[in-house]
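What follows is a set of notes on a single structure, which appears directly below.
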Amino acid sequence: MSDVLLIEDRGGVRTLTLNRPHRKNAIDVELWHALAAALRAVDTDDSVRAVVLTGAGGAFCSGADIGTGEAIHPRRKLQRLTDVALALHNLTVPSVAKVTGVAVGAGWNLALGCDLVVATPESKFCQIFAKRGLSVDLGGSWLLPKIVGLQQAKRLVLLADMIDAAEAHRLGLVTWVRDADAIDAFVDEVARRLADGPPFALAQSKALLNDGATATFAQALGNEARAQPGNFATADSGEAYSAFAAKREPKFSGEWAVPSSAVVEKEQN
């Protein structure tokens, strides 16, 4: 794997660190490809139960690196962003953005694409596109209105205001604000709790919430009714009840608990 993206696994948590601190982790061609590949690889590795996305050197991400010219069609360039945005959105495991320093443009929308966002009080956020003569990208046109409503989304994008962590938290764009000397331990604890959760149930709940943002109430109820039986087919449902009865913490595995037809047939004979 390229050194522009650092990957660390610990206790079921995979941390992906954007590693271009000299550019405040602006994402160049190499990093776009590395990030898309790393995100897609998560869902093929059952040992990964949660993802933390962060940046090196005191910044989260200053957006796409527009300082390097390429003689290719702009649609090809935008496909890299699409690949990353979809890979992040489609992750079946929970994701946490750990933001220190700036999160600007596509960098901010990368953080918003995560399920939870933790920032330091010093963090700054900006939908900077208008100041660059560009329109919003990396899913911002979908994410922002759903989080803050249409008018606030337009304010953030059209005026390209820089806001601090306190305002981002007030608007619901940041889940928690923690001091710089406490954020690492706090994110570690959040990620551990997510990694210890029932993986199949969390994956289904995440998908239900994402789909519910655009579904009718009746559609959401139907989706829930179709999803719930799958949870009873895992060992986690029984483990949860056993742990409750024994007054202990459950140990979730996500393992399939329904016997195969061959096993059932053999037992019946």
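Here, A, B, ... name the chains of the structure tokens in the order displayed, residue numbers run from 1 inside each chain, and ligands are numbered from 1 in the same displayed order.
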
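For Gly139 of chain A, the non-local neighbours within 8 Å, defined as residues at least 6 positions apart in the same chain or in other chains and counting only C-alpha atoms, are A:Ala85, A:Asn109, A:Gly113.
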
Practice task
With a distance cut-off of 9 Å and only C-alpha atoms, select the neighbouring residues of segment 197-209 of chain A, excluding the residue or stretch itself and same-chain residues fewer than 4 positions from it, and output the selection as a ChimeraX atom specification.
Solution key: /A:49,90-94,115,192-193,213,220,223-224,227-228,230-231,234,236-237,250-255

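The coordinates place atom CA of Val177 of chain A at 5.4 Å from atom CA of Thr120 of chain A.
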
Exercise for the section: Per DSSP on the backbone, filter segment 22-161 of chain A down to the residues in alpha helix (DSSP H) and report them as a ChimeraX atom specification. Expected result: /A:29-42,74-89,106-112,140-148,150-158

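Separating atom CA of Ser135 of chain A from atom CA of Arg75 of chain A is a distance of 13.8 Å.
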